[in-house]
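Coordinates as given in my_file_8.cif (mmCIF, N, CA, C and O atoms):
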```
data_final
#
loop_
_atom_site.label_atom_id
_atom_site.label_comp_id
_atom_site.auth_asym_id
_atom_site.auth_seq_id
_atom_site.Cartn_x
_atom_site.Cartn_y
_atom_site.Cartn_z
N MET S 1 0.83 -1.17 0.00
CA MET S 1 0.00 0.00 0.00
C MET S 1 0.89 1.25 0.00
O MET S 1 1.82 1.34 0.77
N ILE S 2 0.58 2.15 -0.90
CA ILE S 2 1.30 3.42 -0.95
C ILE S 2 0.29 4.56 -0.98
O ILE S 2 -0.87 4.36 -1.30
N ASP S 3 0.76 5.74 -0.63
CA ASP S 3 -0.07 6.93 -0.65
C ASP S 3 0.66 7.99 -1.46
O ASP S 3 1.83 7.84 -1.79
N ARG S 4 -0.02 9.07 -1.77
CA ARG S 4 0.58 10.16 -2.54
C ARG S 4 1.13 11.23 -1.61
O ARG S 4 0.58 11.48 -0.54
N ILE S 5 2.20 11.88 -2.03
CA ILE S 5 2.71 13.04 -1.31
C ILE S 5 1.75 14.18 -1.59
O ILE S 5 1.44 14.47 -2.74
N ARG S 6 1.27 14.81 -0.53
CA ARG S 6 0.24 15.83 -0.70
C ARG S 6 0.66 17.23 -0.24
O ARG S 6 -0.02 18.19 -0.54
N ASP S 7 1.76 17.35 0.49
CA ASP S 7 2.10 18.68 1.01
C ASP S 7 3.52 19.10 0.59
O ASP S 7 4.38 18.28 0.31
N ARG S 8 3.72 20.38 0.56
CA ARG S 8 4.98 20.97 0.13
C ARG S 8 6.12 20.59 1.07
O ARG S 8 7.26 20.41 0.63
N ASP S 9 5.85 20.46 2.35
CA ASP S 9 6.89 20.11 3.32
C ASP S 9 7.59 18.80 2.97
O ASP S 9 8.79 18.65 3.19
N ALA S 10 6.84 17.85 2.43
CA ALA S 10 7.43 16.57 2.05
C ALA S 10 8.44 16.77 0.93
O ALA S 10 9.53 16.17 0.94
N PHE S 11 8.12 17.62 -0.04
CA PHE S 11 9.06 17.89 -1.13
C PHE S 11 10.30 18.63 -0.63
O PHE S 11 11.41 18.39 -1.09
N VAL S 12 10.11 19.51 0.34
CA VAL S 12 11.25 20.21 0.94
C VAL S 12 12.16 19.21 1.63
O VAL S 12 13.39 19.26 1.50
N ARG S 13 11.57 18.26 2.38
CA ARG S 13 12.37 17.22 3.05
C ARG S 13 13.12 16.36 2.04
O ARG S 13 14.28 16.00 2.25
N LEU S 14 12.45 16.01 0.94
CA LEU S 14 13.11 15.21 -0.09
C LEU S 14 14.31 15.94 -0.68
O LEU S 14 15.36 15.35 -0.90
N ARG S 15 14.16 17.23 -0.90
CA ARG S 15 15.27 18.00 -1.47
C ARG S 15 16.40 18.18 -0.47
O ARG S 15 17.57 18.06 -0.80
N ARG S 16 16.03 18.44 0.80
CA ARG S 16 17.03 18.72 1.82
C ARG S 16 17.71 17.45 2.33
O ARG S 16 18.93 17.39 2.45
N ASP S 17 16.93 16.43 2.65
CA ASP S 17 17.46 15.24 3.33
C ASP S 17 17.48 13.98 2.46
O ASP S 17 17.95 12.94 2.92
N GLY S 18 16.95 14.06 1.26
CA GLY S 18 16.78 12.86 0.44
C GLY S 18 18.08 12.27 -0.05
O GLY S 18 19.03 12.97 -0.38
N VAL S 19 18.10 10.96 -0.11
CA VAL S 19 19.19 10.20 -0.71
C VAL S 19 18.78 9.96 -2.15
O VAL S 19 17.70 9.41 -2.41
N ARG S 20 19.60 10.36 -3.10
CA ARG S 20 19.25 10.21 -4.51
C ARG S 20 20.06 9.08 -5.11
O ARG S 20 21.28 9.06 -5.03
N VAL S 21 19.34 8.14 -5.74
CA VAL S 21 19.98 7.00 -6.39
C VAL S 21 19.49 6.93 -7.84
O VAL S 21 18.41 7.43 -8.16
N ARG S 22 20.29 6.30 -8.69
CA ARG S 22 19.95 6.20 -10.11
C ARG S 22 20.08 4.78 -10.62
O ARG S 22 20.95 4.03 -10.19
N SER S 23 19.21 4.46 -11.55
CA SER S 23 19.28 3.24 -12.32
C SER S 23 18.79 3.63 -13.71
O SER S 23 17.59 3.67 -13.96
N ALA S 24 19.75 4.00 -14.57
CA ALA S 24 19.42 4.62 -15.86
C ALA S 24 18.26 3.91 -16.53
O ALA S 24 18.22 2.69 -16.56
N PRO S 25 17.29 4.63 -17.03
CA PRO S 25 17.14 6.07 -17.11
C PRO S 25 16.31 6.66 -15.97
O PRO S 25 15.81 7.77 -16.08
N MET S 26 16.19 5.95 -14.85
CA MET S 26 15.38 6.41 -13.72
C MET S 26 16.24 6.91 -12.57
O MET S 26 17.39 6.54 -12.45
N TRP S 27 15.61 7.72 -11.71
CA TRP S 27 16.23 8.13 -10.45
C TRP S 27 15.16 8.15 -9.37
O TRP S 27 13.97 8.15 -9.65
N CYS S 28 15.61 8.15 -8.11
CA CYS S 28 14.70 8.17 -6.97
C CYS S 28 15.36 8.94 -5.83
O CYS S 28 16.54 8.75 -5.56
N SER S 29 14.58 9.79 -5.18
CA SER S 29 15.01 10.43 -3.94
C SER S 29 14.21 9.79 -2.82
O SER S 29 13.00 9.60 -2.96
N PHE S 30 14.89 9.48 -1.70
CA PHE S 30 14.25 8.73 -0.62
C PHE S 30 14.62 9.34 0.72
O PHE S 30 15.77 9.64 0.98
N VAL S 31 13.60 9.53 1.56
CA VAL S 31 13.81 9.93 2.95
C VAL S 31 13.15 8.87 3.81
O VAL S 31 11.93 8.68 3.75
N ALA S 32 13.95 8.15 4.58
CA ALA S 32 13.41 7.13 5.48
C ALA S 32 12.73 7.81 6.66
O ALA S 32 13.30 8.73 7.26
N ASP S 33 11.52 7.39 6.96
CA ASP S 33 10.77 7.96 8.09
C ASP S 33 9.75 6.92 8.55
O ASP S 33 8.73 6.71 7.90
N PRO S 34 10.02 6.25 9.67
CA PRO S 34 9.10 5.20 10.14
C PRO S 34 7.72 5.72 10.52
O PRO S 34 6.78 4.94 10.64
N THR S 35 7.57 7.04 10.68
CA THR S 35 6.25 7.59 11.03
C THR S 35 5.37 7.80 9.81
O THR S 35 4.17 8.05 9.95
N VAL S 36 5.94 7.72 8.61
CA VAL S 36 5.16 7.89 7.38
C VAL S 36 4.66 6.52 6.94
O VAL S 36 5.34 5.77 6.25
N VAL S 37 3.45 6.18 7.38
CA VAL S 37 2.84 4.89 7.06
C VAL S 37 1.45 5.16 6.49
O VAL S 37 0.66 5.85 7.13
N PRO S 38 1.10 4.69 5.33
CA PRO S 38 1.94 3.99 4.35
C PRO S 38 2.93 4.96 3.70
O PRO S 38 2.78 6.17 3.83
N PRO S 39 3.92 4.41 2.99
CA PRO S 39 4.91 5.25 2.33
C PRO S 39 4.21 6.23 1.37
O PRO S 39 3.21 5.89 0.77
N GLN S 40 4.78 7.42 1.25
CA GLN S 40 4.22 8.43 0.34
C GLN S 40 5.13 8.57 -0.87
O GLN S 40 6.35 8.66 -0.72
N VAL S 41 4.51 8.60 -2.05
CA VAL S 41 5.25 8.58 -3.30
C VAL S 41 4.76 9.69 -4.22
O VAL S 41 3.58 10.01 -4.25
N ALA S 42 5.69 10.27 -4.99
CA ALA S 42 5.36 11.24 -6.03
C ALA S 42 6.21 10.92 -7.26
O ALA S 42 7.24 10.24 -7.16
N PHE S 43 5.75 11.40 -8.40
CA PHE S 43 6.44 11.14 -9.66
C PHE S 43 6.72 12.46 -10.39
O PHE S 43 5.87 13.33 -10.44
N VAL S 44 7.92 12.56 -10.97
CA VAL S 44 8.27 13.67 -11.84
C VAL S 44 8.20 13.11 -13.25
O VAL S 44 9.07 12.34 -13.66
N VAL S 45 7.14 13.47 -13.96
CA VAL S 45 6.95 12.96 -15.32
C VAL S 45 6.78 14.17 -16.24
O VAL S 45 5.68 14.70 -16.38
N SER S 46 7.88 14.61 -16.83
CA SER S 46 7.86 15.82 -17.64
C SER S 46 7.35 15.54 -19.05
O SER S 46 7.27 14.39 -19.49
N ARG S 47 7.07 16.60 -19.77
CA ARG S 47 6.60 16.48 -21.15
C ARG S 47 7.65 15.88 -22.06
O ARG S 47 7.33 15.38 -23.13
N ALA S 48 8.90 15.92 -21.64
CA ALA S 48 9.98 15.33 -22.44
C ALA S 48 9.80 13.82 -22.58
O ALA S 48 10.35 13.21 -23.51
N LEU S 49 9.04 13.22 -21.67
CA LEU S 49 8.83 11.77 -21.70
C LEU S 49 7.77 11.35 -22.71
O LEU S 49 7.63 10.17 -23.01
N GLY S 50 6.99 12.29 -23.22
CA GLY S 50 5.98 11.94 -24.22
C GLY S 50 4.71 12.73 -24.04
O GLY S 50 4.63 13.64 -23.20
N ASN S 51 3.70 12.35 -24.81
CA ASN S 51 2.42 13.04 -24.72
C ASN S 51 1.68 12.64 -23.45
O ASN S 51 2.15 11.80 -22.67
N ALA S 52 0.51 13.21 -23.22
CA ALA S 52 -0.24 12.97 -21.99
C ALA S 52 -0.58 11.50 -21.80
O ALA S 52 -0.51 10.98 -20.68
N VAL S 53 -0.94 10.82 -22.86
CA VAL S 53 -1.28 9.40 -22.77
C VAL S 53 -0.07 8.60 -22.30
O VAL S 53 -0.17 7.75 -21.40
N THR S 54 1.08 8.88 -22.86
CA THR S 54 2.31 8.18 -22.49
C THR S 54 2.69 8.46 -21.04
O THR S 54 3.05 7.55 -20.28
N ARG S 55 2.60 9.72 -20.64
CA ARG S 55 2.96 10.09 -19.27
C ARG S 55 2.00 9.46 -18.26
O ARG S 55 2.44 8.95 -17.21
N ASN S 56 0.71 9.47 -18.54
CA ASN S 56 -0.26 8.87 -17.62
C ASN S 56 -0.09 7.36 -17.53
O ASN S 56 -0.20 6.77 -16.45
N ARG S 57 0.20 6.71 -18.67
CA ARG S 57 0.44 5.27 -18.66
C ARG S 57 1.66 4.95 -17.80
O ARG S 57 1.63 4.00 -17.01
N LEU S 58 2.70 5.76 -17.91
CA LEU S 58 3.91 5.55 -17.12
C LEU S 58 3.62 5.69 -15.63
O LEU S 58 4.03 4.86 -14.82
N ARG S 59 2.87 6.72 -15.25
CA ARG S 59 2.50 6.91 -13.84
C ARG S 59 1.68 5.73 -13.32
O ARG S 59 1.91 5.24 -12.21
N ARG S 60 0.72 5.28 -14.12
CA ARG S 60 -0.11 4.13 -13.69
C ARG S 60 0.74 2.88 -13.51
O ARG S 60 0.57 2.14 -12.53
N ARG S 61 1.64 2.63 -14.43
CA ARG S 61 2.52 1.46 -14.32
C ARG S 61 3.38 1.55 -13.07
O ARG S 61 3.53 0.56 -12.34
N LEU S 62 3.95 2.72 -12.81
CA LEU S 62 4.79 2.88 -11.62
C LEU S 62 3.98 2.68 -10.34
O LEU S 62 4.46 2.06 -9.38
N ARG S 63 2.75 3.19 -10.31
CA ARG S 63 1.90 2.99 -9.12
C ARG S 63 1.62 1.50 -8.87
O ARG S 63 1.67 1.03 -7.74
N VAL S 64 1.32 0.76 -9.93
CA VAL S 64 1.05 -0.67 -9.80
C VAL S 64 2.30 -1.40 -9.31
O VAL S 64 2.23 -2.24 -8.40
N ILE S 65 3.43 -1.08 -9.89
CA ILE S 65 4.69 -1.72 -9.48
C ILE S 65 4.97 -1.45 -8.01
O ILE S 65 5.32 -2.35 -7.26
N LEU S 66 4.81 -0.20 -7.59
CA LEU S 66 5.09 0.15 -6.20
C LEU S 66 4.07 -0.45 -5.24
O LEU S 66 4.40 -0.79 -4.11
N SER S 67 2.82 -0.59 -5.68
CA SER S 67 1.81 -1.17 -4.78
C SER S 67 2.09 -2.66 -4.54
O SER S 67 1.68 -3.20 -3.52
N ASN S 68 2.81 -3.31 -5.46
CA ASN S 68 3.15 -4.73 -5.30
C ASN S 68 4.55 -4.94 -4.74
O ASN S 68 4.95 -6.06 -4.48
N ALA S 69 5.31 -3.86 -4.57
CA ALA S 69 6.70 -3.96 -4.09
C ALA S 69 6.75 -3.77 -2.58
O ALA S 69 5.81 -3.29 -1.96
N ASP S 70 7.88 -4.14 -2.02
CA ASP S 70 8.14 -3.93 -0.60
C ASP S 70 8.76 -2.54 -0.45
O ASP S 70 9.98 -2.38 -0.47
N VAL S 71 7.90 -1.53 -0.30
CA VAL S 71 8.35 -0.14 -0.25
C VAL S 71 8.58 0.24 1.21
O VAL S 71 7.69 0.07 2.05
N PRO S 72 9.76 0.77 1.53
CA PRO S 72 10.05 1.16 2.92
C PRO S 72 9.24 2.38 3.33
O PRO S 72 8.87 3.20 2.48
N ASN S 73 8.96 2.51 4.62
CA ASN S 73 8.24 3.68 5.12
C ASN S 73 9.08 4.92 4.91
O ASN S 73 10.27 4.94 5.17
N GLY S 74 8.43 5.96 4.43
CA GLY S 74 9.13 7.22 4.18
C GLY S 74 8.56 7.91 2.96
O GLY S 74 7.44 7.63 2.52
N LEU S 75 9.35 8.82 2.42
CA LEU S 75 8.96 9.62 1.26
C LEU S 75 9.81 9.21 0.07
O LEU S 75 11.03 9.05 0.20
N LEU S 76 9.18 9.05 -1.08
CA LEU S 76 9.90 8.68 -2.29
C LEU S 76 9.45 9.56 -3.45
O LEU S 76 8.26 9.82 -3.61
N LEU S 77 10.42 9.99 -4.25
CA LEU S 77 10.15 10.77 -5.44
C LEU S 77 10.86 10.09 -6.60
O LEU S 77 12.08 9.90 -6.56
N PHE S 78 10.09 9.68 -7.62
CA PHE S 78 10.64 8.98 -8.78
C PHE S 78 10.60 9.89 -10.00
O PHE S 78 9.64 10.64 -10.19
N GLY S 79 11.61 9.79 -10.85
CA GLY S 79 11.64 10.54 -12.09
C GLY S 79 12.54 9.83 -13.09
O GLY S 79 13.08 8.77 -12.80
N GLY S 80 12.67 10.44 -14.26
CA GLY S 80 13.52 9.81 -15.26
C GLY S 80 13.72 10.65 -16.50
O GLY S 80 13.14 11.72 -16.64
N ARG S 81 14.54 10.12 -17.40
CA ARG S 81 14.84 10.76 -18.67
C ARG S 81 13.98 10.12 -19.76
O ARG S 81 13.40 9.06 -19.57
N PRO S 82 13.92 10.74 -20.95
CA PRO S 82 13.02 10.28 -22.01
C PRO S 82 13.05 8.79 -22.36
O PRO S 82 11.99 8.24 -22.66
N PRO S 83 14.15 8.06 -22.33
CA PRO S 83 14.04 6.63 -22.67
C PRO S 83 13.15 5.85 -21.69
O PRO S 83 12.76 4.72 -21.98
N LEU S 84 12.80 6.44 -20.56
CA LEU S 84 11.98 5.77 -19.56
C LEU S 84 10.64 5.31 -20.12
O LEU S 84 10.18 4.21 -19.83
N ALA S 85 10.02 6.11 -20.96
CA ALA S 85 8.70 5.78 -21.51
C ALA S 85 8.76 4.59 -22.47
O ALA S 85 7.73 3.97 -22.73
N GLU S 86 9.93 4.25 -22.95
CA GLU S 86 10.08 3.14 -23.89
C GLU S 86 10.27 1.79 -23.20
O GLU S 86 10.24 0.75 -23.85
N LEU S 87 10.48 1.79 -21.87
CA LEU S 87 10.70 0.54 -21.15
C LEU S 87 9.41 -0.26 -21.05
O LEU S 87 8.32 0.30 -20.92
N THR S 88 9.55 -1.58 -21.08
CA THR S 88 8.39 -2.45 -20.88
C THR S 88 8.04 -2.49 -19.40
O THR S 88 8.83 -2.04 -18.55
N PHE S 89 6.90 -3.06 -19.08
CA PHE S 89 6.48 -3.18 -17.69
C PHE S 89 7.51 -3.97 -16.89
O PHE S 89 7.88 -3.58 -15.78
N ALA S 90 7.99 -5.07 -17.44
CA ALA S 90 8.98 -5.91 -16.75
C ALA S 90 10.29 -5.14 -16.50
O ALA S 90 10.89 -5.26 -15.44
N GLU S 91 10.72 -4.37 -17.50
CA GLU S 91 11.93 -3.57 -17.33
C GLU S 91 11.74 -2.49 -16.26
O GLU S 91 12.65 -2.23 -15.47
N LEU S 92 10.55 -1.89 -16.22
CA LEU S 92 10.25 -0.90 -15.18
C LEU S 92 10.30 -1.54 -13.79
O LEU S 92 10.83 -0.94 -12.86
N GLU S 93 9.75 -2.75 -13.67
CA GLU S 93 9.80 -3.46 -12.38
C GLU S 93 11.23 -3.66 -11.92
O GLU S 93 11.54 -3.46 -10.73
N ILE S 94 12.09 -4.06 -12.83
CA ILE S 94 13.50 -4.29 -12.49
C ILE S 94 14.16 -2.98 -12.04
O ILE S 94 14.88 -2.95 -11.03
N ARG S 95 13.91 -1.90 -12.76
CA ARG S 95 14.51 -0.59 -12.40
C ARG S 95 14.02 -0.11 -11.04
O ARG S 95 14.80 0.38 -10.23
N VAL S 96 12.72 -0.24 -10.80
CA VAL S 96 12.16 0.21 -9.51
C VAL S 96 12.74 -0.61 -8.37
O VAL S 96 13.13 -0.07 -7.33
N ALA S 97 12.84 -1.93 -8.55
CA ALA S 97 13.42 -2.79 -7.51
C ALA S 97 14.87 -2.39 -7.23
O ALA S 97 15.29 -2.34 -6.08
N ALA S 98 15.61 -2.10 -8.29
CA ALA S 98 17.01 -1.69 -8.12
C ALA S 98 17.10 -0.36 -7.37
O ALA S 98 17.95 -0.19 -6.49
N LEU S 99 16.22 0.57 -7.70
CA LEU S 99 16.23 1.87 -7.03
C LEU S 99 15.87 1.73 -5.55
O LEU S 99 16.51 2.35 -4.69
N LEU S 100 14.86 0.93 -5.25
CA LEU S 100 14.46 0.74 -3.85
C LEU S 100 15.58 0.09 -3.04
O LEU S 100 15.87 0.50 -1.92
N ALA S 101 16.22 -0.92 -3.63
CA ALA S 101 17.33 -1.58 -2.93
C ALA S 101 18.50 -0.63 -2.72
O ALA S 101 19.09 -0.57 -1.63
N ALA S 102 18.84 0.15 -3.75
CA ALA S 102 19.96 1.09 -3.64
C ALA S 102 19.66 2.18 -2.61
O ALA S 102 20.53 2.57 -1.84
N ALA S 103 18.42 2.67 -2.59
CA ALA S 103 18.05 3.72 -1.64
C ALA S 103 18.15 3.22 -0.20
O ALA S 103 18.68 3.90 0.67
N GLN S 104 17.69 2.00 0.04
CA GLN S 104 17.76 1.45 1.39
C GLN S 104 19.21 1.16 1.78
O GLN S 104 19.61 1.38 2.91
N HIS S 105 20.00 0.69 0.85
CA HIS S 105 21.40 0.37 1.13
C HIS S 105 22.19 1.66 1.41
O HIS S 105 22.97 1.70 2.34
N THR S 106 21.97 2.69 0.60
CA THR S 106 22.67 3.96 0.79
C THR S 106 22.30 4.58 2.11
O THR S 106 23.14 5.11 2.82
N ARG S 107 21.03 4.47 2.49
CA ARG S 107 20.58 5.03 3.76
C ARG S 107 21.21 4.29 4.92
O ARG S 107 21.61 4.88 5.92
N ALA S 108 21.34 2.96 4.79
CA ALA S 108 21.88 2.15 5.89
C ALA S 108 23.38 2.29 6.01
O ALA S 108 23.94 2.03 7.07
N HIS S 109 24.06 2.69 4.93
CA HIS S 109 25.53 2.80 4.94
C HIS S 109 25.95 4.16 4.43
O HIS S 109 26.44 4.27 3.32
N PRO S 110 25.77 5.22 5.25
CA PRO S 110 26.11 6.58 4.78
C PRO S 110 27.60 6.77 4.54
O PRO S 110 28.43 6.12 5.01
#
```

Can you dump the structure from the file as structure tokens?
Amino acid sequence: MIDRIRDRDAFVRLRRDGVRVRSAPMWCSFVADPTVVPPQVAFVVSRALGNAVTRNRLRRRLRVILSNADVPNGLLLFGGRPPLAELTFAELEIRVAALLAAAQHTRAHP
């Protein structure tokens, strides 16, 4: 279960305290916070990734992937570069899993 980031303070925390990890062509900023239950997620999906249909499809796919993944409690912000829209669902799953693992590992070993 995931929720959406709804307030500006969460984005400020992500920018100030977030750990940023990459798995080309995606990136993720993560702030671990055990009090944020369920985890809160936002997506940066710019027009460079495609038209509205493509961007919405990408957001829906990412939401499904994250709802089925073991997402740590905290704040997460996902984004990417234009090749991101060309990835298949399976490739997106692999990238998201790699980002989540890297974010947790980086947080645990500063």

Exercise for the section: Check which residues satisfy the PyMOL selection byres (((chain S and resi 89 and name CA) around 12) and name CA) in the file shown, then give them as an MDAnalysis selection string. Expected result: chainID S and resid 57:65 84:88 90:96

Problem - DSSP strand (DSSP E) residues within chain S, listed as number ranges by chain - result: S: 3-4, 19-23, 26-32, 40-44, 74-80

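Of the listed residues (S:Ala52, S:Ala24, S:Val37, S:Val19), S:Val19 comes nearest to S:Thr106; the distances count only N, CA, C and O atoms.
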
Problem - Selection: 8 Å around S:Met26, only N, CA, C and O atoms, excl. self and same-chain fewer than 5 positions, as a count of residues only - result: 11

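Counting from atom CA of S:Arg55, the distance to atom CA of S:Phe43 is 10.3 Å.
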
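Between atom CA of S:Leu49 and atom CA of S:Pro82 lies a distance of 4.5 Å.
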
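When the PyMOL selection byres ((chain S and resi 5-17) around 4.5) is run on the displayed coordinates, the residues it returns are Asp3, Arg4, Gly18, Val19, Phe30 and Val41 of chain S.
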
Exercise for the section: List, as a ChimeraX atom specification, every residue that the PyMOL selection byres (((chain S and resi 72 and name CA) around 9) and name CA) selects in the file provided. Expected result: /S:32-34,38-39,70-71,73-75,100,104

What does the file look like for those residues with N, CA, C and O atoms, as a PDB file, in the frame of the given file?
```pdb
ATOM      1  N   ALA S  32      13.950   8.150   4.580  1.00  0.00           N
ATOM      2  CA  ALA S  32      13.410   7.130   5.480  1.00  0.00           C
ATOM      3  C   ALA S  32      12.730   7.810   6.660  1.00  0.00           C
ATOM      4  O   ALA S  32      13.300   8.730   7.260  1.00  0.00           O
ATOM      5  N   ASP S  33      11.520   7.390   6.960  1.00  0.00           N
ATOM      6  CA  ASP S  33      10.770   7.960   8.090  1.00  0.00           C
ATOM      7  C   ASP S  33       9.750   6.920   8.550  1.00  0.00           C
ATOM      8  O   ASP S  33       8.730   6.710   7.900  1.00  0.00           O
ATOM      9  N   PRO S  34      10.020   6.250   9.670  1.00  0.00           N
ATOM     10  CA  PRO S  34       9.100   5.200  10.140  1.00  0.00           C
ATOM     11  C   PRO S  34       7.720   5.720  10.520  1.00  0.00           C
ATOM     12  O   PRO S  34       6.780   4.940  10.640  1.00  0.00           O
ATOM     13  N   PRO S  38       1.100   4.690   5.330  1.00  0.00           N
ATOM     14  CA  PRO S  38       1.940   3.990   4.350  1.00  0.00           C
ATOM     15  C   PRO S  38       2.930   4.960   3.700  1.00  0.00           C
ATOM     16  O   PRO S  38       2.780   6.170   3.830  1.00  0.00           O
ATOM     17  N   PRO S  39       3.920   4.410   2.990  1.00  0.00           N
ATOM     18  CA  PRO S  39       4.910   5.250   2.330  1.00  0.00           C
ATOM     19  C   PRO S  39       4.210   6.230   1.370  1.00  0.00           C
ATOM     20  O   PRO S  39       3.210   5.890   0.770  1.00  0.00           O
ATOM     21  N   ASP S  70       7.880  -4.140  -2.020  1.00  0.00           N
ATOM     22  CA  ASP S  70       8.140  -3.930  -0.600  1.00  0.00           C
ATOM     23  C   ASP S  70       8.760  -2.540  -0.450  1.00  0.00           C
ATOM     24  O   ASP S  70       9.980  -2.380  -0.470  1.00  0.00           O
ATOM     25  N   VAL S  71       7.900  -1.530  -0.300  1.00  0.00           N
ATOM     26  CA  VAL S  71       8.350  -0.140  -0.250  1.00  0.00           C
ATOM     27  C   VAL S  71       8.580   0.240   1.210  1.00  0.00           C
ATOM     28  O   VAL S  71       7.690   0.070   2.050  1.00  0.00           O
ATOM     29  N   ASN S  73       8.960   2.510   4.620  1.00  0.00           N
ATOM     30  CA  ASN S  73       8.240   3.680   5.120  1.00  0.00           C
ATOM     31  C   ASN S  73       9.080   4.920   4.910  1.00  0.00           C
ATOM     32  O   ASN S  73      10.270   4.940   5.170  1.00  0.00           O
ATOM     33  N   GLY S  74       8.430   5.960   4.430  1.00  0.00           N
ATOM     34  CA  GLY S  74       9.130   7.220   4.180  1.00  0.00           C
ATOM     35  C   GLY S  74       8.560   7.910   2.960  1.00  0.00           C
ATOM     36  O   GLY S  74       7.440   7.630   2.520  1.00  0.00           O
ATOM     37  N   LEU S  75       9.350   8.820   2.420  1.00  0.00           N
ATOM     38  CA  LEU S  75       8.960   9.620   1.260  1.00  0.00           C
ATOM     39  C   LEU S  75       9.810   9.210   0.070  1.00  0.00           C
ATOM     40  O   LEU S  75      11.030   9.050   0.200  1.00  0.00           O
ATOM     41  N   LEU S 100      14.860   0.930  -5.250  1.00  0.00           N
ATOM     42  CA  LEU S 100      14.460   0.740  -3.850  1.00  0.00           C
ATOM     43  C   LEU S 100      15.580   0.090  -3.040  1.00  0.00           C
ATOM     44  O   LEU S 100      15.870   0.500  -1.920  1.00  0.00           O
ATOM     45  N   GLN S 104      17.690   2.000   0.040  1.00  0.00           N
ATOM     46  CA  GLN S 104      17.760   1.450   1.390  1.00  0.00           C
ATOM     47  C   GLN S 104      19.210   1.160   1.780  1.00  0.00           C
ATOM     48  O   GLN S 104      19.610   1.380   2.910  1.00  0.00           O
TER      49      GLN S 104
END
```

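Interatomic distance, atom O of S:Thr35 against atom N of S:Arg22: 24.7 Å.
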
Could you write out as lines of an AutoDock Vina configuration file the box around stretch 76-90 of chain S (axis-aligned, all atoms listed in the file, 5 Å on each side), with centre and edge lengths in Å to one decimal?
```
center_x = 10.7
center_y = 2.9
center_z = -12.5
size_x = 18.4
size_y = 27.6
size_z = 32.8
```

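In terms of minimum interatomic distance to S:Ala42, S:Leu76 ranks closest within S:Leu66, S:Arg20, S:Leu76, S:Ala98, counting all atoms listed in the file.
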
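Closest to S:Ala69 among S:Met1, S:Val53, S:Ala102, S:Val45 is S:Met1, based on only C-alpha atoms.
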
Handout entry: Those in chain S with helix (DSSP H, G or I) from DSSP, as a ChimeraX atom specification
Key = /S:8-17,47-49,52-68,82-86,89-108
